[in-house]
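Asker: Structure incoming, see below.
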Amino acid sequence: MAKVRDMALASRGRHQIYWAERNMPVLLKIRERFSKEKPLEGLRVAASLHVTKETAVLVKTLAAGGAKVALVPSNPLSTQDDVAAALAEEGVDVYAWRGMNEREYYNAIGFALSLRPDITMDDGADLTVALHKLAHGIRDRTTDYVVEISGNLDFRELASKVRGGTEETTTGVIRLRALHREGKLLYPIIAVNESYTKYLFDNRYGTGQSTWDGIMRATNALIAGKVVVVAGYGWVGRGIAMRARGLGARRVIVVEVNPIRALEAVFDGFEVMPMSEAAEVGDIFITATGDIRVIRVEHML
Ligand SMILES: NC(=O)c1ccc[n+]([C@@H]2O[C@H](COP(=O)([O-])OP(=O)(O)OC[C@H]3O[C@@H](n4cnc5c(N)ncnc54)[C@H](O)[C@@H]3O)[C@@H](O)[C@H]2O)c1
């Protein structure tokens, strides 16, 4: 079963996926092997990931390995409707459309959990945290939305049957580590974000580039000559700062609370100062901290 924006978009989605496949030879090699060996036969996978052409290549690979996959978004704004339609056409249980509201977003998680997954895949931990809240009997607005679609399952039992999960991003790993510290994590999670091949590349170069792509598409701003302020000099922040320089920013200022990372920023040739000072001079502000209230009202006055 699937719920997507418009099945008529499927053919465009197939082309998108084909394009991504041409640039993902490693995953295609794995798919080739999976098709023969079927290592995931009989496994149910609930995936909360960006529903994009690249994720589609992953999902098709899991399916080739024999898995039954339910795919829902990890962000209500990143879904590519044509790709969702193409996956639905191939029999993947997709519940995703661009611009879902909060209720629809958590309904989608309910849809994925009703698959009674053996494995969860997450990007930001919304699905894993929702399942854990329900398994621990915690109810709030978001879990109410989940249950609207999943129904009142025995979530404790459901979680106990999950063999393991994956978490892709820094923020998700932080949330799950907190659960683990409180002794509440109910199954093992592979912190994909901790692998060299993730944070050294996706966080730094991938997000470094796509952040600027998003800003330029949204604002049509010319970056040359601007004063750019980047909060957080972690893997994402350093990619953004590096690309700001390449785009011709007049000054690139880093705001960082970790003194060693602040020092690295200085040695990499960036100015470092507190947000209270950067706020006076910056034209474009980007936070890449995983933290909240990095830019506050007092910085805007
Ligand atoms: N959208 C994407 O594609 C994508 C990809 C990777 C990471 N992320 C997200 O980007 C964020 C950063 O990821 P990362 O891998 O660079 O994390 P990181 O832990 O390597 O870096 C975060 C940095 O922010 C600093 N920091 C924290 N609070 C701060 C504050 N209040 N003021 C200034 N600095 C502060 C920390 O000291 C740290 O150096 C996370 O939320 C992560 O989930 C998004």
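Labels used: A, B, ... for chains in the order of the structure tokens, numbers from 1 for residues in each chain, and numbers from 1 for ligands as shown.
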Excluding Ala46 of chain A and any residue of its chain fewer than 3 positions from it, enumerate the residues within 12 Å of it, using only C-alpha atoms, and give them as a PDB file with N, CA and C atoms, in the first residue's frame.
Answerer:
```
ATOM      1  N   LEU A  43      12.807 -10.024   5.785  1.00  0.00           N
ATOM      2  CA  LEU A  43      12.965  -8.941   6.781  1.00  0.00           C
ATOM      3  C   LEU A  43      12.083  -7.742   6.416  1.00  0.00           C
ATOM      4  N   LEU A  49      13.560   8.293   5.980  1.00  0.00           N
ATOM      5  CA  LEU A  49      14.718   8.902   5.312  1.00  0.00           C
ATOM      6  C   LEU A  49      14.212   9.986   4.363  1.00  0.00           C
ATOM      7  N   VAL A  59      16.679   1.990  -1.344  1.00  0.00           N
ATOM      8  CA  VAL A  59      15.473   1.202  -1.072  1.00  0.00           C
ATOM      9  C   VAL A  59      15.337   0.075  -2.096  1.00  0.00           C
ATOM     10  N   LEU A  62      17.679  -2.661  -1.085  1.00  0.00           N
ATOM     11  CA  LEU A  62      17.162  -3.457   0.035  1.00  0.00           C
ATOM     12  C   LEU A  62      16.099  -4.431  -0.480  1.00  0.00           C
ATOM     13  N   ALA A  67      14.110  -7.644   1.168  1.00  0.00           N
ATOM     14  CA  ALA A  67      13.417  -6.951   2.270  1.00  0.00           C
ATOM     15  C   ALA A  67      12.087  -6.375   1.808  1.00  0.00           C
ATOM     16  N   LYS A  68      11.150  -6.297   2.738  1.00  0.00           N
ATOM     17  CA  LYS A  68       9.899  -5.553   2.516  1.00  0.00           C
ATOM     18  C   LYS A  68      10.132  -4.193   3.167  1.00  0.00           C
ATOM     19  N   VAL A  69      10.012  -3.125   2.397  1.00  0.00           N
ATOM     20  CA  VAL A  69      10.378  -1.805   2.922  1.00  0.00           C
ATOM     21  C   VAL A  69       9.170  -0.879   2.990  1.00  0.00           C
ATOM     22  N   ALA A  70       9.010  -0.208   4.133  1.00  0.00           N
ATOM     23  CA  ALA A  70       8.066   0.919   4.230  1.00  0.00           C
ATOM     24  C   ALA A  70       8.916   2.185   4.317  1.00  0.00           C
ATOM     25  N   LEU A  71       8.671   3.112   3.393  1.00  0.00           N
ATOM     26  CA  LEU A  71       9.487   4.340   3.350  1.00  0.00           C
ATOM     27  C   LEU A  71       8.633   5.557   3.665  1.00  0.00           C
ATOM     28  N   VAL A  72       9.067   6.323   4.660  1.00  0.00           N
ATOM     29  CA  VAL A  72       8.384   7.570   5.028  1.00  0.00           C
ATOM     30  C   VAL A  72       9.439   8.670   5.141  1.00  0.00           C
ATOM     31  N   PRO A  73       9.032   9.934   5.116  1.00  0.00           N
ATOM     32  CA  PRO A  73      10.040  11.009   5.117  1.00  0.00           C
ATOM     33  C   PRO A  73      10.718  11.188   6.474  1.00  0.00           C
ATOM     34  N   SER A  74      11.928  11.762   6.427  1.00  0.00           N
ATOM     35  CA  SER A  74      12.585  12.186   7.673  1.00  0.00           C
ATOM     36  C   SER A  74      12.540  13.713   7.763  1.00  0.00           C
ATOM     37  N   VAL A  92       6.937  -0.574  -3.404  1.00  0.00           N
ATOM     38  CA  VAL A  92       7.432  -0.158  -2.089  1.00  0.00           C
ATOM     39  C   VAL A  92       6.283   0.528  -1.340  1.00  0.00           C
ATOM     40  N   ASP A  93       6.156   0.273  -0.053  1.00  0.00           N
ATOM     41  CA  ASP A  93       5.120   0.932   0.744  1.00  0.00           C
ATOM     42  C   ASP A  93       5.587   2.353   1.094  1.00  0.00           C
ATOM     43  N   VAL A  94       5.322   3.289   0.208  1.00  0.00           N
ATOM     44  CA  VAL A  94       5.757   4.678   0.446  1.00  0.00           C
ATOM     45  C   VAL A  94       4.568   5.474   0.977  1.00  0.00           C
ATOM     46  N   TYR A  95       4.829   6.284   1.982  1.00  0.00           N
ATOM     47  CA  TYR A  95       3.794   7.182   2.514  1.00  0.00           C
ATOM     48  C   TYR A  95       4.487   8.534   2.623  1.00  0.00           C
ATOM     49  N   ALA A 108       2.655   9.291   8.995  1.00  0.00           N
ATOM     50  CA  ALA A 108       3.534   8.482   8.143  1.00  0.00           C
ATOM     51  C   ALA A 108       4.377   7.532   9.005  1.00  0.00           C
ATOM     52  N   ILE A 109       4.844   8.021  10.134  1.00  0.00           N
ATOM     53  CA  ILE A 109       5.631   7.152  11.033  1.00  0.00           C
ATOM     54  C   ILE A 109       4.745   6.012  11.546  1.00  0.00           C
ATOM     55  N   GLY A 110       3.489   6.335  11.836  1.00  0.00           N
ATOM     56  CA  GLY A 110       2.535   5.292  12.238  1.00  0.00           C
ATOM     57  C   GLY A 110       2.379   4.240  11.146  1.00  0.00           C
ATOM     58  N   PHE A 111       2.342   4.715   9.909  1.00  0.00           N
ATOM     59  CA  PHE A 111       2.239   3.817   8.754  1.00  0.00           C
ATOM     60  C   PHE A 111       3.454   2.870   8.713  1.00  0.00           C
ATOM     61  N   ALA A 112       4.639   3.440   8.918  1.00  0.00           N
ATOM     62  CA  ALA A 112       5.861   2.616   8.862  1.00  0.00           C
ATOM     63  C   ALA A 112       5.897   1.608  10.013  1.00  0.00           C
ATOM     64  N   LEU A 113       5.441   2.031  11.191  1.00  0.00           N
ATOM     65  CA  LEU A 113       5.488   1.121  12.343  1.00  0.00           C
ATOM     66  C   LEU A 113       4.474  -0.008  12.202  1.00  0.00           C
ATOM     67  N   SER A 114       3.382   0.263  11.461  1.00  0.00           N
ATOM     68  CA  SER A 114       2.399  -0.826  11.318  1.00  0.00           C
ATOM     69  C   SER A 114       2.942  -1.983  10.493  1.00  0.00           C
ATOM     70  N   LEU A 115       4.081  -1.781   9.854  1.00  0.00           N
ATOM     71  CA  LEU A 115       4.746  -2.888   9.150  1.00  0.00           C
ATOM     72  C   LEU A 115       5.323  -3.896  10.161  1.00  0.00           C
ATOM     73  N   ARG A 116       5.394  -3.501  11.438  1.00  0.00           N
ATOM     74  CA  ARG A 116       6.039  -4.310  12.491  1.00  0.00           C
ATOM     75  C   ARG A 116       7.468  -4.662  12.063  1.00  0.00           C
ATOM     76  N   PRO A 117       8.315  -3.634  12.020  1.00  0.00           N
ATOM     77  CA  PRO A 117       9.636  -3.819  11.417  1.00  0.00           C
ATOM     78  C   PRO A 117      10.575  -4.715  12.229  1.00  0.00           C
ATOM     79  N   ASP A 118      11.458  -5.388  11.489  1.00  0.00           N
ATOM     80  CA  ASP A 118      12.590  -6.084  12.107  1.00  0.00           C
ATOM     81  C   ASP A 118      13.768  -5.131  12.236  1.00  0.00           C
ATOM     82  N   ILE A 119      13.794  -4.148  11.325  1.00  0.00           N
ATOM     83  CA  ILE A 119      14.897  -3.186  11.277  1.00  0.00           C
ATOM     84  C   ILE A 119      14.319  -1.789  11.076  1.00  0.00           C
ATOM     85  N   THR A 120      14.875  -0.792  11.787  1.00  0.00           N
ATOM     86  CA  THR A 120      14.478   0.590  11.524  1.00  0.00           C
ATOM     87  C   THR A 120      15.673   1.335  10.925  1.00  0.00           C
ATOM     88  N   MET A 121      15.369   2.265  10.035  1.00  0.00           N
ATOM     89  CA  MET A 121      16.421   3.122   9.465  1.00  0.00           C
ATOM     90  C   MET A 121      15.950   4.552   9.646  1.00  0.00           C
ATOM     91  N   ASP A 122      16.829   5.395  10.169  1.00  0.00           N
ATOM     92  CA  ASP A 122      16.380   6.721  10.563  1.00  0.00           C
ATOM     93  C   ASP A 122      17.382   7.791  10.174  1.00  0.00           C
ATOM     94  N   ASP A 123      16.878   9.001   9.996  1.00  0.00           N
ATOM     95  CA  ASP A 123      17.743  10.152   9.706  1.00  0.00           C
ATOM     96  C   ASP A 123      17.205  11.313  10.543  1.00  0.00           C
ATOM     97  N   ASP A 126      13.411  10.525  14.343  1.00  0.00           N
ATOM     98  CA  ASP A 126      11.992  10.748  14.649  1.00  0.00           C
ATOM     99  C   ASP A 126      11.226   9.427  14.778  1.00  0.00           C
ATOM    100  N   LEU A 127      11.504   8.488  13.882  1.00  0.00           N
ATOM    101  CA  LEU A 127      10.791   7.209  13.938  1.00  0.00           C
ATOM    102  C   LEU A 127      11.210   6.425  15.190  1.00  0.00           C
ATOM    103  N   THR A 128      12.500   6.335  15.422  1.00  0.00           N
ATOM    104  CA  THR A 128      13.004   5.557  16.565  1.00  0.00           C
ATOM    105  C   THR A 128      12.514   6.159  17.872  1.00  0.00           C
ATOM    106  N   LEU A 131       8.786   5.439  18.386  1.00  0.00           N
ATOM    107  CA  LEU A 131       8.572   4.058  18.824  1.00  0.00           C
ATOM    108  C   LEU A 131       8.959   3.901  20.301  1.00  0.00           C
ATOM    109  N   VAL A 162      12.350  -5.682  17.270  1.00  0.00           N
ATOM    110  CA  VAL A 162      13.244  -5.012  16.317  1.00  0.00           C
ATOM    111  C   VAL A 162      14.666  -5.516  16.583  1.00  0.00           C
ATOM    112  N   ARG A 163      15.303  -6.017  15.532  1.00  0.00           N
ATOM    113  CA  ARG A 163      16.657  -6.569  15.737  1.00  0.00           C
ATOM    114  C   ARG A 163      17.701  -5.470  15.869  1.00  0.00           C
ATOM    115  N   GLY A 164      17.447  -4.352  15.193  1.00  0.00           N
ATOM    116  CA  GLY A 164      18.412  -3.264  15.270  1.00  0.00           C
ATOM    117  C   GLY A 164      18.000  -2.149  14.338  1.00  0.00           C
ATOM    118  N   GLY A 165      18.722  -1.035  14.440  1.00  0.00           N
ATOM    119  CA  GLY A 165      18.380   0.099  13.587  1.00  0.00           C
ATOM    120  C   GLY A 165      19.635   0.834  13.151  1.00  0.00           C
ATOM    121  N   THR A 166      19.429   1.781  12.253  1.00  0.00           N
ATOM    122  CA  THR A 166      20.535   2.651  11.857  1.00  0.00           C
ATOM    123  C   THR A 166      20.101   4.100  12.060  1.00  0.00           C
TER     124      THR A 166
END
```
Asker: At a cut-off of 6 Å and counting only C-alpha atoms and all ligand atoms, what residues surround ligand 1? Please answer as a list in words.
Answerer: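 Written in the requested form, the residues are Thr169, Thr170, Thr171, Asn203, Thr207, Ala231, Gly232, Tyr233, Gly234, Trp235, Val236, Gly237, Val255, Glu256, Val257, Asn258, Arg261, Ala288, Thr289, Gly290, Asp291 and Val294 of chain A.
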Asker: Using only C-alpha atoms, which residues sit within 10 Å of segment 26-36 of chain A once same-chain residues fewer than 5 positions away are excluded, as a list in words?
Answerer: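 Contacts, in chain order: Glu21, Glu41, Val57, Leu58, Lys60, Thr61, Leu62, Ala63, Ala64, Gly65 and Gly66 of chain A.
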Asker: Okay, now the selection with C-alpha atoms, as a CSV table (one decimal), in the first residue's frame?
Answerer:
```
chain,number,residue,atom,x,y,z
A,21,GLU,CA,22.0,5.0,-10.1
A,41,GLU,CA,14.7,-12.3,2.6
A,57,VAL,CA,18.5,3.6,-5.0
A,58,LEU,CA,19.1,2.4,-1.5
A,60,LYS,CA,15.5,-0.7,-4.4
A,61,THR,CA,18.8,-2.4,-3.2
A,62,LEU,CA,17.2,-3.5,0.0
A,63,ALA,CA,14.2,-4.8,-1.9
A,64,ALA,CA,16.5,-6.6,-4.3
A,65,GLY,CA,18.0,-8.3,-1.2
A,66,GLY,CA,14.5,-9.6,-0.3
```
Asker: Please indicate the distance in Å from atom CA of Asp213 of chain A to atom CA of Glu298 of chain A, rounded to one decimal place.
Answerer: 28.5 Å
Asker: Determine, counting only C-alpha atoms, which protein, DNA and RNA residues have an atom within 12 Å of an atom of Glu54 of chain A; residues of the same chain fewer than 2 positions away are not included. Present the result as a VMD selection string.
Answerer: chain A and resid 13 to 14 16 to 25 27 to 28 49 to 52 56 to 61 78 to 80 83 to 84 87
Asker: What are the DSSP helix (DSSP H, G or I) residues of segment 98-257 of chain A, as number ranges by chain?
Answerer: A: 102-113, 126-135, 141-150, 155-161, 170-181, 192-194, 196-219, 235-246
Asker: Residues within 12 Å of Asp144 of chain A, please, as a list in words. Count only C-alpha atoms; anything in the same chain fewer than 4 positions from it doesn't count.
Answerer: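 After dropping sequence-adjacent residues, the list is Glu102, Arg103, Glu104, Tyr105, Tyr106, Asn107, Ile109, Gly110, Ala130, Leu131, Lys133, Leu134, Gly137, Ile138, Arg139, Asp140, Glu148, Ile149, Ser150, Gly151 and Asn152 of chain A.
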Asker: Please produce a file of those selected residues containing N, CA and C atoms, as a PDB file, in the first residue's frame.
Answerer:
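File produced: part.pdb:
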```
ATOM      1  N   GLU A 102       2.567  18.621  10.265  1.00  0.00           N
ATOM      2  CA  GLU A 102       3.109  17.817  11.379  1.00  0.00           C
ATOM      3  C   GLU A 102       2.287  16.541  11.597  1.00  0.00           C
ATOM      4  N   ARG A 103       0.981  16.693  11.490  1.00  0.00           N
ATOM      5  CA  ARG A 103       0.118  15.525  11.711  1.00  0.00           C
ATOM      6  C   ARG A 103       0.371  14.438  10.653  1.00  0.00           C
ATOM      7  N   GLU A 104       0.430  14.864   9.389  1.00  0.00           N
ATOM      8  CA  GLU A 104       0.662  13.904   8.307  1.00  0.00           C
ATOM      9  C   GLU A 104       2.040  13.251   8.448  1.00  0.00           C
ATOM     10  N   TYR A 105       3.004  14.047   8.903  1.00  0.00           N
ATOM     11  CA  TYR A 105       4.376  13.540   9.058  1.00  0.00           C
ATOM     12  C   TYR A 105       4.413  12.406  10.091  1.00  0.00           C
ATOM     13  N   TYR A 106       3.743  12.610  11.218  1.00  0.00           N
ATOM     14  CA  TYR A 106       3.741  11.558  12.254  1.00  0.00           C
ATOM     15  C   TYR A 106       2.766  10.437  11.904  1.00  0.00           C
ATOM     16  N   ASN A 107       1.711  10.743  11.150  1.00  0.00           N
ATOM     17  CA  ASN A 107       0.862   9.675  10.597  1.00  0.00           C
ATOM     18  C   ASN A 107       1.743   8.715   9.786  1.00  0.00           C
ATOM     19  N   ILE A 109       4.844   8.021  10.134  1.00  0.00           N
ATOM     20  CA  ILE A 109       5.631   7.152  11.033  1.00  0.00           C
ATOM     21  C   ILE A 109       4.745   6.012  11.546  1.00  0.00           C
ATOM     22  N   GLY A 110       3.489   6.335  11.836  1.00  0.00           N
ATOM     23  CA  GLY A 110       2.535   5.292  12.238  1.00  0.00           C
ATOM     24  C   GLY A 110       2.379   4.240  11.146  1.00  0.00           C
ATOM     25  N   ALA A 130       9.840   8.042  18.322  1.00  0.00           N
ATOM     26  CA  ALA A 130       8.388   7.838  18.450  1.00  0.00           C
ATOM     27  C   ALA A 130       8.101   6.428  18.955  1.00  0.00           C
ATOM     28  N   LEU A 131       8.786   5.439  18.386  1.00  0.00           N
ATOM     29  CA  LEU A 131       8.572   4.058  18.824  1.00  0.00           C
ATOM     30  C   LEU A 131       8.959   3.901  20.301  1.00  0.00           C
ATOM     31  N   LYS A 133       9.043   6.267  22.641  1.00  0.00           N
ATOM     32  CA  LYS A 133       8.059   6.944  23.508  1.00  0.00           C
ATOM     33  C   LYS A 133       6.864   6.018  23.734  1.00  0.00           C
ATOM     34  N   LEU A 134       6.357   5.454  22.639  1.00  0.00           N
ATOM     35  CA  LEU A 134       5.162   4.614  22.748  1.00  0.00           C
ATOM     36  C   LEU A 134       5.460   3.350  23.555  1.00  0.00           C
ATOM     37  N   GLY A 137       5.393   4.051  27.088  1.00  0.00           N
ATOM     38  CA  GLY A 137       4.100   4.571  27.557  1.00  0.00           C
ATOM     39  C   GLY A 137       4.024   6.088  27.625  1.00  0.00           C
ATOM     40  N   ILE A 138       4.904   6.772  26.890  1.00  0.00           N
ATOM     41  CA  ILE A 138       4.861   8.244  26.891  1.00  0.00           C
ATOM     42  C   ILE A 138       3.964   8.694  25.736  1.00  0.00           C
ATOM     43  N   ARG A 139       2.943   9.482  26.044  1.00  0.00           N
ATOM     44  CA  ARG A 139       2.056   9.963  24.983  1.00  0.00           C
ATOM     45  C   ARG A 139       2.120  11.481  24.909  1.00  0.00           C
ATOM     46  N   ASP A 140       2.201  11.994  23.706  1.00  0.00           N
ATOM     47  CA  ASP A 140       2.128  13.438  23.479  1.00  0.00           C
ATOM     48  C   ASP A 140       1.459  13.656  22.125  1.00  0.00           C
ATOM     49  N   GLU A 148      -2.831   7.364  15.326  1.00  0.00           N
ATOM     50  CA  GLU A 148      -3.991   7.550  14.432  1.00  0.00           C
ATOM     51  C   GLU A 148      -3.932   6.588  13.247  1.00  0.00           C
ATOM     52  N   ILE A 149      -2.707   6.264  12.791  1.00  0.00           N
ATOM     53  CA  ILE A 149      -2.568   5.385  11.627  1.00  0.00           C
ATOM     54  C   ILE A 149      -2.192   3.956  12.036  1.00  0.00           C
ATOM     55  N   SER A 150      -1.287   3.846  13.012  1.00  0.00           N
ATOM     56  CA  SER A 150      -0.822   2.490  13.373  1.00  0.00           C
ATOM     57  C   SER A 150      -1.865   1.740  14.183  1.00  0.00           C
ATOM     58  N   GLY A 151      -2.744   2.490  14.869  1.00  0.00           N
ATOM     59  CA  GLY A 151      -3.646   1.856  15.830  1.00  0.00           C
ATOM     60  C   GLY A 151      -2.877   1.591  17.115  1.00  0.00           C
ATOM     61  N   ASN A 152      -3.593   1.123  18.123  1.00  0.00           N
ATOM     62  CA  ASN A 152      -2.950   0.894  19.425  1.00  0.00           C
ATOM     63  C   ASN A 152      -2.266  -0.471  19.466  1.00  0.00           C
TER      64      ASN A 152
END
```
Asker: Which distance in Å separates atom CA of Ala85 of chain A and atom CA of Ala8 of chain A, to one decimal?
Answerer: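 According to the coordinates, atom CA of Ala85 of chain A and atom CA of Ala8 of chain A are separated by 7.5 Å.
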Asker: Going by DSSP on the backbone, which residues of segment 15-250 of chain A come out as strand (DSSP E or B)? List them as number ranges by chain.
Answerer: A: 44-48, 68-72, 93-96, 119-122, 164-167, 189-191, 227-231
Asker: Mind checking which residues fall within 12 Å of Lys198 of chain A, counting only C-alpha atoms, ignoring those fewer than 2 positions away in the same chain, and posting them as a VMD selection string?
Answerer: chain A and resid 167 to 170 191 to 196 200 to 207 235 to 236
Asker: I'd like the contact shell of Ala249 of chain A - 7 Å cut-off, only C-alpha atoms, skipping same-chain residues fewer than 3 positions apart - returned as a PDB file with N, CA, C and O atoms, in the first residue's frame.
Answerer:
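Final file, result-v3.pdb:
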```pdb
ATOM      1  N   ILE A 223      26.750  35.736  -3.441  1.00  0.00           N
ATOM      2  CA  ILE A 223      27.519  35.500  -2.213  1.00  0.00           C
ATOM      3  C   ILE A 223      28.806  36.347  -2.216  1.00  0.00           C
ATOM      4  O   ILE A 223      29.279  36.780  -1.166  1.00  0.00           O
ATOM      5  N   ALA A 224      29.347  36.578  -3.406  1.00  0.00           N
ATOM      6  CA  ALA A 224      30.566  37.392  -3.497  1.00  0.00           C
ATOM      7  C   ALA A 224      30.326  38.736  -2.816  1.00  0.00           C
ATOM      8  O   ALA A 224      29.288  39.365  -3.033  1.00  0.00           O
ATOM      9  N   GLY A 225      31.279  39.123  -1.976  1.00  0.00           N
ATOM     10  CA  GLY A 225      31.174  40.431  -1.316  1.00  0.00           C
ATOM     11  C   GLY A 225      30.404  40.405  -0.003  1.00  0.00           C
ATOM     12  O   GLY A 225      30.388  41.397   0.726  1.00  0.00           O
ATOM     13  N   LYS A 226      29.768  39.289   0.313  1.00  0.00           N
ATOM     14  CA  LYS A 226      28.955  39.234   1.541  1.00  0.00           C
ATOM     15  C   LYS A 226      29.820  38.848   2.753  1.00  0.00           C
ATOM     16  O   LYS A 226      30.899  38.261   2.618  1.00  0.00           O
ATOM     17  N   VAL A 227      29.288  39.184   3.930  1.00  0.00           N
ATOM     18  CA  VAL A 227      29.895  38.719   5.178  1.00  0.00           C
ATOM     19  C   VAL A 227      29.051  37.539   5.671  1.00  0.00           C
ATOM     20  O   VAL A 227      27.859  37.680   5.957  1.00  0.00           O
ATOM     21  N   VAL A 228      29.681  36.366   5.721  1.00  0.00           N
ATOM     22  CA  VAL A 228      28.959  35.137   6.069  1.00  0.00           C
ATOM     23  C   VAL A 228      29.344  34.711   7.484  1.00  0.00           C
ATOM     24  O   VAL A 228      30.532  34.695   7.830  1.00  0.00           O
ATOM     25  N   ALA A 244      31.849  28.916   1.394  1.00  0.00           N
ATOM     26  CA  ALA A 244      31.563  30.362   1.422  1.00  0.00           C
ATOM     27  C   ALA A 244      32.761  31.125   0.869  1.00  0.00           C
ATOM     28  O   ALA A 244      32.625  32.054   0.068  1.00  0.00           O
ATOM     29  N   ARG A 245      33.923  30.674   1.284  1.00  0.00           N
ATOM     30  CA  ARG A 245      35.153  31.319   0.795  1.00  0.00           C
ATOM     31  C   ARG A 245      35.255  31.154  -0.720  1.00  0.00           C
ATOM     32  O   ARG A 245      35.545  32.105  -1.447  1.00  0.00           O
ATOM     33  N   VAL A 252      34.444  35.502   6.175  1.00  0.00           N
ATOM     34  CA  VAL A 252      33.744  34.321   6.695  1.00  0.00           C
ATOM     35  C   VAL A 252      34.075  34.245   8.182  1.00  0.00           C
ATOM     36  O   VAL A 252      35.235  34.086   8.574  1.00  0.00           O
TER      37      VAL A 252
END
```
Asker: In Å, how far is it from atom CA of Lys38 of chain A to atom CA of Asp81 of chain A?
Answerer: 28.9 Å
